[in-house]
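Coordinates from target_8.cif are shown below (mmCIF, C-alpha atoms).
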data_final
loop_
_atom_site.label_atom_id
_atom_site.label_comp_id
_atom_site.auth_asym_id
_atom_site.auth_seq_id
_atom_site.Cartn_x
_atom_site.Cartn_y
_atom_site.Cartn_z
CA MET F 175 13.48 26.91 -50.29
CA LYS F 176 16.02 28.76 -48.17
CA LYS F 177 13.40 31.43 -47.26
CA ILE F 178 10.99 28.77 -46.04
CA THR F 179 13.72 27.13 -43.96
CA THR F 180 14.68 30.47 -42.39
CA ALA F 181 11.03 31.27 -41.66
CA ALA F 182 10.53 27.87 -40.06
CA TRP F 183 13.66 28.36 -37.97
CA LEU F 184 12.50 31.82 -36.86
CA LEU F 185 9.06 30.45 -35.98
CA ALA F 186 10.56 27.60 -33.97
CA THR F 187 12.94 29.94 -32.15
CA THR F 188 10.20 32.46 -31.34
CA THR F 189 7.91 29.70 -30.11
CA PHE F 190 10.67 28.33 -27.89
CA MET F 191 11.46 31.79 -26.48
CA LEU F 192 7.78 32.47 -25.84
CA ALA F 193 7.35 29.13 -24.12
CA THR F 194 10.42 29.81 -21.97
CA ALA F 195 9.14 33.27 -21.02
CA LEU F 196 5.72 31.87 -20.09
CA HIS F 197 7.39 29.15 -18.07
CA ALA F 198 9.32 31.75 -16.08
CA GLU F 199 6.18 33.66 -15.20
CA THR F 200 3.72 30.93 -14.30
CA PRO F 201 3.98 27.55 -12.61
CA ALA F 202 3.42 25.99 -16.03
CA ASP F 203 4.51 22.55 -14.90
CA LYS F 204 1.76 22.53 -12.31
CA PRO F 205 0.90 18.91 -11.54
CA ALA F 206 -2.03 17.47 -13.46
CA LYS F 207 -5.40 17.25 -11.70
CA THR F 208 -5.59 14.03 -9.72
CA VAL F 209 -8.57 11.98 -8.58
CA HIS F 210 -8.12 11.57 -4.84
CA GLY F 211 -9.84 9.31 -2.35
CA GLU F 212 -11.88 10.29 0.68
CA TYR F 213 -8.65 11.34 2.42
CA LYS F 214 -8.85 14.67 0.61
CA ASP F 215 -11.37 15.63 3.32
CA TRP F 216 -9.12 14.45 6.19
CA LEU F 217 -6.97 16.56 8.49
CA THR F 218 -3.20 16.47 8.71
CA LEU F 219 -1.22 14.35 11.16
CA SER F 220 2.24 15.13 9.81
CA VAL F 221 4.35 15.66 6.70
CA SER F 222 7.59 14.08 5.50
CA HIS F 223 10.25 14.22 2.82
CA ARG F 224 11.40 10.73 1.88
CA LEU F 225 14.92 11.17 0.60
CA ASP F 226 15.16 7.53 -0.52
CA LYS F 227 12.10 7.61 -2.75
CA HIS F 228 12.33 11.30 -3.65
CA LEU F 229 8.81 11.94 -2.41
CA VAL F 230 7.22 14.70 -0.35
CA ARG F 231 4.32 13.40 1.66
CA SER F 232 1.34 14.52 3.65
CA VAL F 233 0.10 12.07 6.27
CA LEU F 234 -3.63 12.49 6.87
CA GLY F 235 -5.96 10.80 9.32
CA ASN F 236 -9.67 10.01 9.29
CA ASP F 237 -11.88 11.37 12.12
CA ILE F 238 -11.11 8.43 14.42
CA ALA F 239 -7.37 8.97 13.92
CA ILE F 240 -7.53 12.72 14.53
CA LYS F 241 -9.69 12.27 17.64
CA ALA F 242 -7.23 9.68 19.01
CA ALA F 243 -4.22 11.89 18.21
CA ARG F 244 -5.82 14.86 19.98
CA ALA F 245 -6.59 12.75 23.02
CA GLY F 246 -3.07 11.28 23.01
CA LYS F 247 -4.59 7.80 22.78
CA THR F 248 -2.33 6.31 20.16
CA LYS F 249 -0.76 3.36 21.96
CA PRO F 250 -2.54 1.57 20.47
CA TRP F 251 -4.42 3.59 17.86
CA PRO F 252 -8.13 2.65 18.08
CA ASP F 253 -9.87 0.28 15.70
CA GLY F 254 -11.26 2.24 12.78
CA THR F 255 -8.19 4.45 12.47
CA ILE F 256 -7.11 5.05 8.88
CA PHE F 257 -3.99 6.89 7.79
CA ALA F 258 -3.49 8.14 4.25
CA LYS F 259 0.12 8.63 3.29
CA VAL F 260 -0.14 10.77 0.19
CA GLY F 261 3.02 11.18 -1.87
CA TRP F 262 4.17 13.37 -4.73
CA LYS F 263 7.45 13.26 -6.63
CA GLU F 264 9.74 15.94 -5.24
CA ARG F 265 10.41 18.90 -7.50
CA THR F 266 12.08 22.26 -7.13
CA HIS F 267 9.54 25.08 -7.22
CA PRO F 268 9.98 26.65 -10.69
CA ASN F 269 10.02 30.17 -9.20
CA TRP F 270 11.58 29.42 -5.84
CA PRO F 271 14.67 27.18 -5.96
CA GLN F 272 14.97 26.95 -2.16
CA ALA F 273 11.73 24.97 -1.90
CA VAL F 274 11.06 21.32 -2.62
CA VAL F 275 7.36 21.03 -3.44
CA PRO F 276 4.97 18.41 -4.81
CA GLY F 277 5.42 17.41 -8.42
CA GLU F 278 3.54 14.56 -10.06
CA PHE F 279 1.20 12.62 -7.77
CA ALA F 280 2.92 9.37 -6.82
CA GLY F 281 0.16 7.57 -4.97
CA ALA F 282 -1.62 7.29 -1.63
CA GLU F 283 -1.00 4.42 0.77
CA ALA F 284 -3.30 3.39 3.60
CA MET F 285 -2.92 1.88 7.05
CA VAL F 286 -6.20 0.61 8.49
CA LYS F 287 -6.49 -0.46 12.10
CA ASP F 288 -8.61 -3.51 12.92
CA SER F 289 -7.06 -5.48 15.73
CA LYS F 290 -9.07 -8.62 14.93
CA LYS F 291 -9.14 -8.63 11.14
CA PHE F 292 -5.44 -7.80 10.81
CA ALA F 293 -4.17 -9.56 13.93
CA GLU F 294 -1.35 -11.23 11.99
CA THR F 295 0.17 -7.86 11.08
CA GLY F 296 0.00 -6.03 14.38
CA GLY F 297 -3.63 -5.05 13.92
CA TRP F 298 -2.85 -3.03 10.78
CA GLY F 299 -4.08 -3.65 7.27
CA PHE F 300 -2.09 -2.09 4.46
CA GLY F 301 -3.58 -0.79 1.24
CA HIS F 302 -3.56 1.97 -1.32
CA TRP F 303 -5.98 4.11 -3.22
CA GLU F 304 -6.63 3.48 -6.90
CA GLY F 305 -8.26 6.75 -7.90
CA ASP F 306 -10.90 7.30 -5.24
CA LYS F 307 -11.14 3.60 -4.26
CA LEU F 308 -9.30 2.17 -1.27
CA VAL F 309 -7.91 -1.24 -2.23
CA MET F 310 -6.45 -3.44 0.51
CA ASN F 311 -3.26 -5.35 -0.30
CA ASP F 312 -3.23 -9.14 -0.27
CA LYS F 313 -1.71 -10.96 2.71
CA GLU F 314 1.67 -11.43 1.08
CA LYS F 315 2.11 -7.75 0.23
CA SER F 316 0.76 -6.69 3.63
CA ALA F 317 3.38 -8.87 5.30
CA THR F 318 6.08 -7.02 3.33
CA CYS F 319 4.67 -3.66 4.44
CA PHE F 320 4.42 -4.83 8.01
CA ALA F 321 8.04 -6.03 8.04
CA CYS F 322 9.20 -2.43 7.54
CA HIS F 323 7.04 -1.30 10.45
CA THR F 324 8.25 -3.84 13.01
CA PRO F 325 11.05 -1.58 14.34
CA MET F 326 8.23 0.69 15.59
CA LYS F 327 6.53 -2.06 17.60
CA ASP F 328 6.58 0.02 20.78
CA ASN F 329 4.84 2.83 18.93
CA ASP F 330 2.02 0.54 17.68
CA TYR F 331 4.06 -0.02 14.49
CA VAL F 332 3.62 3.59 13.42
CA TYR F 333 6.44 5.89 12.27
CA THR F 334 4.31 9.04 12.09
CA VAL F 335 4.34 11.34 15.12
CA PRO F 336 1.21 13.54 15.03
CA VAL F 337 2.24 17.21 15.10
CA LEU F 338 -0.89 19.18 14.25
CA GLN F 339 -3.47 18.37 16.90
CA MET E 143 36.18 3.53 47.97
CA LYS E 144 37.01 1.43 44.95
CA LYS E 145 33.81 -0.59 45.41
CA ILE E 146 31.70 2.56 45.48
CA THR E 147 33.43 3.88 42.34
CA THR E 148 32.85 0.59 40.54
CA ALA E 149 29.21 0.55 41.63
CA ALA E 150 28.72 4.13 40.43
CA TRP E 151 30.36 3.27 37.10
CA LEU E 152 28.14 0.21 36.68
CA LEU E 153 25.05 2.25 37.52
CA ALA E 154 26.01 4.98 35.04
CA THR E 155 26.76 2.43 32.31
CA THR E 156 23.53 0.54 32.90
CA THR E 157 21.53 3.78 32.89
CA PHE E 158 23.17 4.84 29.63
CA MET E 159 22.50 1.47 27.99
CA LEU E 160 18.90 1.50 29.16
CA ALA E 161 18.41 5.04 27.87
CA THR E 162 19.94 4.08 24.51
CA ALA E 163 17.73 1.01 24.26
CA LEU E 164 14.62 3.05 25.08
CA HIS E 165 15.62 5.67 22.53
CA ALA E 166 15.97 3.04 19.86
CA GLU E 167 12.50 1.72 20.54
CA THR E 168 10.44 4.89 20.93
CA PRO E 169 10.47 8.30 19.25
CA ALA E 170 11.75 9.81 22.50
CA ASP E 171 12.55 13.15 20.95
CA LYS E 172 8.94 13.58 19.89
CA PRO E 173 8.20 17.31 19.53
CA ALA E 174 6.54 19.00 22.51
CA LYS E 175 2.79 19.58 22.42
CA THR E 176 2.04 22.86 20.66
CA VAL E 177 -0.92 25.22 20.92
CA HIS E 178 -2.14 25.67 17.36
CA GLY E 179 -4.57 28.16 15.84
CA GLU E 180 -7.85 27.44 14.08
CA TYR E 181 -5.84 26.12 11.10
CA LYS E 182 -5.55 22.78 12.88
CA ASP E 183 -9.08 22.14 11.58
CA TRP E 184 -8.27 23.15 8.00
CA LEU E 185 -7.57 20.91 5.03
CA THR E 186 -4.29 20.62 3.13
CA LEU E 187 -3.43 22.60 0.00
CA SER E 188 0.18 21.44 -0.29
CA VAL E 189 3.40 20.64 1.56
CA SER E 190 6.97 21.86 1.16
CA HIS E 191 10.52 21.40 2.37
CA ARG E 192 12.30 24.75 2.60
CA LEU E 193 15.96 23.94 2.20
CA ASP E 194 17.04 27.52 3.01
CA LYS E 195 15.29 27.69 6.38
CA HIS E 196 15.53 23.96 7.16
CA LEU E 197 11.78 23.70 7.64
CA VAL E 198 9.20 21.16 6.57
CA ARG E 199 5.83 22.77 6.03
CA SER E 200 2.17 21.99 5.61
CA VAL E 201 0.15 24.61 3.76
CA LEU E 202 -3.47 24.57 4.88
CA GLY E 203 -6.47 26.55 3.70
CA ASN E 204 -9.69 27.67 5.36
CA ASP E 205 -13.05 26.62 3.85
CA ILE E 206 -13.10 29.53 1.38
CA ALA E 207 -9.59 28.62 0.18
CA ILE E 208 -10.38 24.91 -0.23
CA LYS E 209 -13.64 25.65 -2.06
CA ALA E 210 -11.80 28.02 -4.43
CA ALA E 211 -9.00 25.50 -5.01
CA ARG E 212 -11.50 22.73 -5.80
CA ALA E 213 -13.36 24.98 -8.23
CA GLY E 214 -10.07 26.10 -9.84
CA LYS E 215 -10.98 29.71 -9.04
CA THR E 216 -7.64 30.90 -7.72
CA LYS E 217 -6.71 33.74 -10.09
CA PRO E 218 -7.48 35.65 -8.01
CA TRP E 219 -8.21 33.77 -4.80
CA PRO E 220 -11.53 35.06 -3.38
CA ASP E 221 -11.77 37.54 -0.52
CA GLY E 222 -11.91 35.68 2.78
CA THR E 223 -9.24 33.16 1.73
CA ILE E 224 -6.74 32.37 4.48
CA PHE E 225 -3.66 30.20 4.10
CA ALA E 226 -1.77 28.84 7.09
CA LYS E 227 1.84 27.97 6.33
CA VAL E 228 2.78 25.78 9.27
CA GLY E 229 6.47 25.04 9.72
CA TRP E 230 8.56 22.67 11.81
CA LYS E 231 12.33 22.41 12.05
CA GLU E 232 13.50 19.55 9.86
CA ARG E 233 14.79 16.49 11.64
CA THR E 234 15.80 13.01 10.64
CA HIS E 235 13.31 10.45 11.92
CA PRO E 236 15.09 8.75 14.85
CA ASN E 237 14.10 5.30 13.60
CA TRP E 238 14.06 5.95 9.87
CA PRO E 239 17.06 7.88 8.56
CA GLN E 240 15.69 8.17 5.02
CA ALA E 241 12.89 10.46 6.16
CA VAL E 242 12.97 14.15 7.02
CA VAL E 243 10.07 14.77 9.40
CA PRO E 244 8.80 17.59 11.64
CA GLY E 245 10.92 18.47 14.66
CA GLU E 246 10.25 21.43 16.91
CA PHE E 247 7.33 23.65 15.86
CA ALA E 248 8.77 26.74 14.16
CA GLY E 249 5.65 28.86 13.68
CA ALA E 250 2.61 29.37 11.48
CA GLU E 251 2.36 32.21 8.98
CA ALA E 252 -0.84 33.54 7.46
CA MET E 253 -1.90 35.06 4.16
CA VAL E 254 -5.34 36.68 4.31
CA LYS E 255 -7.11 37.87 1.16
CA ASP E 256 -9.06 41.12 1.33
CA SER E 257 -8.74 42.99 -1.94
CA LYS E 258 -9.87 46.30 -0.41
CA LYS E 259 -8.24 46.23 3.01
CA PHE E 260 -4.88 45.02 1.69
CA ALA E 261 -4.99 46.73 -1.72
CA GLU E 262 -1.43 48.07 -1.30
CA THR E 263 -0.01 44.54 -1.06
CA GLY E 264 -1.81 42.83 -3.91
CA GLY E 265 -4.93 42.20 -1.81
CA TRP E 266 -3.01 40.05 0.67
CA GLY E 267 -2.49 40.71 4.35
CA PHE E 268 0.39 38.88 6.02
CA GLY E 269 0.37 37.68 9.60
CA HIS E 270 1.26 34.86 11.93
CA TRP E 271 -0.25 32.92 14.77
CA GLU E 272 0.87 33.54 18.34
CA GLY E 273 -0.43 30.42 20.05
CA ASP E 274 -4.04 30.20 18.86
CA LYS E 275 -4.36 33.91 17.99
CA LEU E 276 -3.90 35.22 14.45
CA VAL E 277 -1.89 38.45 14.60
CA MET E 278 -1.60 40.57 11.47
CA ASN E 279 1.77 42.15 10.71
CA ASP E 280 2.14 45.93 10.57
CA LYS E 281 2.33 47.65 7.17
CA GLU E 282 6.12 47.75 7.12
CA LYS E 283 6.55 44.03 7.78
CA SER E 284 3.72 43.17 5.37
CA ALA E 285 5.52 45.14 2.65
CA THR E 286 8.61 42.99 3.25
CA CYS E 287 6.55 39.80 2.99
CA PHE E 288 4.85 41.07 -0.14
CA ALA E 289 8.18 41.91 -1.81
CA CYS E 290 9.10 38.21 -1.79
CA HIS E 291 5.77 37.34 -3.40
CA THR E 292 5.94 39.82 -6.31
CA PRO E 293 7.64 37.30 -8.67
CA MET E 294 4.35 35.36 -8.46
CA LYS E 295 2.19 38.31 -9.60
CA ASP E 296 0.66 36.27 -12.43
CA ASN E 297 -0.37 33.63 -9.91
CA ASP E 298 -2.09 36.16 -7.61
CA TYR E 299 1.19 36.47 -5.65
CA VAL E 300 0.91 32.88 -4.41
CA TYR E 301 3.71 30.28 -4.58
CA THR E 302 1.59 27.35 -3.40
CA VAL E 303 0.05 25.14 -6.06
CA PRO E 304 -2.90 23.25 -4.55
CA VAL E 305 -2.38 19.51 -4.98
CA LEU E 306 -4.98 17.85 -2.77
CA GLN E 307 -8.41 18.98 -3.99
#
Could you write out this file's structure as structure tokens?
Amino acid sequence: MKKITTAAWLLATTTFMLATALHAETPADKPAKTVHGEYKDWLTLSVSHRLDKHLVRSVLGNDIAIKAARAGKTKPWPDGTIFAKVGWKERTHPNWPQAVVPGEFAGAEAMVKDSKKFAETGGWGFGHWEGDKLVMNDKEKSATCFACHTPMKDNDYVYTVPVLQ
Amino acid sequence: MKKITTAAWLLATTTFMLATALHAETPADKPAKTVHGEYKDWLTLSVSHRLDKHLVRSVLGNDIAIKAARAGKTKPWPDGTIFAKVGWKERTHPNWPQAVVPGEFAGAEAMVKDSKKFAETGGWGFGHWEGDKLVMNDKEKSATCFACHTPMKDNDYVYTVPVLQ
């Protein structure tokens, strides 16, 4: 019985050491494959690190948004503009402790400009992607989103400053 | 004389208050317009916040890189792959203190895969953009860049884990 216990202990220890060694050599905790929406084909407007929510984010824009950003015509952003604010949980790179990089996918939020349809919330509709489907929030939730954007009224309610055009 | 001094003081105070009010309402310290390279039309592979260099970064890939990332064929990355690691000085958003966002543009670095041409440095050439021109580093500087990437040998010398494909 003792021999079996020792063998089991040795096996467990070896497995643990092997797993640790593998972990040190490869980014083994690479985030799982995620189904993204159409924003995966969109260009970058900016990036951010949200210290409050512990997220790193990429802010992408559809063609209308990128064209407007490049032309400097963002006050207001034109109807048809969509932003995708794609977030991942922050994590320390397993092989590079000075870098905070994306961990698990945390979700993608949308801002959709339609000055008539969303007139009550500054012309912006708020939504999020569920897998590859863009789902708009109901009025109540949109009002909550909009409340956080009101300090940016003079910037068409947008916090993001385009930096890659 | 006293009247003039009082008037000057009032003017200075009013100007300061006006400037403060304007600053509170608009992102007045918006980064200056930057001339970017061809990477401005490339899609995102990942983002990072480099705590050591106080940079936020967007890591972009050319078409060959994105196609390889989507197909999961990144060990090794195919010849013709180019990454653009675009960095901005970190800054606190002037209207949103919980967010670290891009400040002044700090530069864009390149990794170019050519397994024959850059055989001495793991198949990777290292460079950077000067305005819209990609300039490859000389052998000595490339060797320095490569040295930092050797811990990632089992990941084709690449730290970035694609997260948006």
Test item: residues at most 10 Å from Asp274 in chain E, only C-alpha atoms, excluding those fewer than 6 positions along its chain, as a short mmCIF file (atom, residue, chain, number, x, y, z; two decimals) with C-alpha atoms, in the frame of the given file:
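Resulting contents of selection-v6.cif:
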data_model
loop_
_atom_site.label_atom_id
_atom_site.label_comp_id
_atom_site.auth_asym_id
_atom_site.auth_seq_id
_atom_site.Cartn_x
_atom_site.Cartn_y
_atom_site.Cartn_z
CA THR E 176 2.04 22.86 20.66
CA VAL E 177 -0.92 25.22 20.92
CA HIS E 178 -2.14 25.67 17.36
CA GLY E 179 -4.57 28.16 15.84
CA GLU E 180 -7.85 27.44 14.08
CA TYR E 181 -5.84 26.12 11.10
CA LYS E 182 -5.55 22.78 12.88
CA ALA E 250 2.61 29.37 11.48
#
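The chain F residues that come within 6 Å of chain E are Leu217, Ser222, His223, Arg224, Leu225, Asp226, Gln272, Ala273, Val274 and Val275 of chain F, with only C-alpha atoms taken into account.
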Query raised in the report: How would you write, as a PyMOL selection string, the residues chosen by the PyMOL selection byres ((chain E and resi 263) around 12) on this structure?
Result: chain E and resi 253-262+264-268+280-292+295+298-299
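Of note, CA of Gly246 in chain F and CA of Val309 in chain F are spaced 28.6 Å apart.
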Requested in this report: Just give me the gap between CA of Thr255 in chain F and CA of Lys241 in chain F in Å, one decimal is fine.
Outcome: 9.5 Å
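With CA of His302 in chain F on one side and CA of Ile238 in chain F on the other, the separation reads 18.6 Å.
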Report task. Could you pull out every residue with an atom within 7 Å of (-4.9, 8.3, 8.2), file coordinates, counting all atoms listed in the file, and send them as an MDAnalysis selection string? Result -> chainID F and resid 233:236 239 255:258 284:285
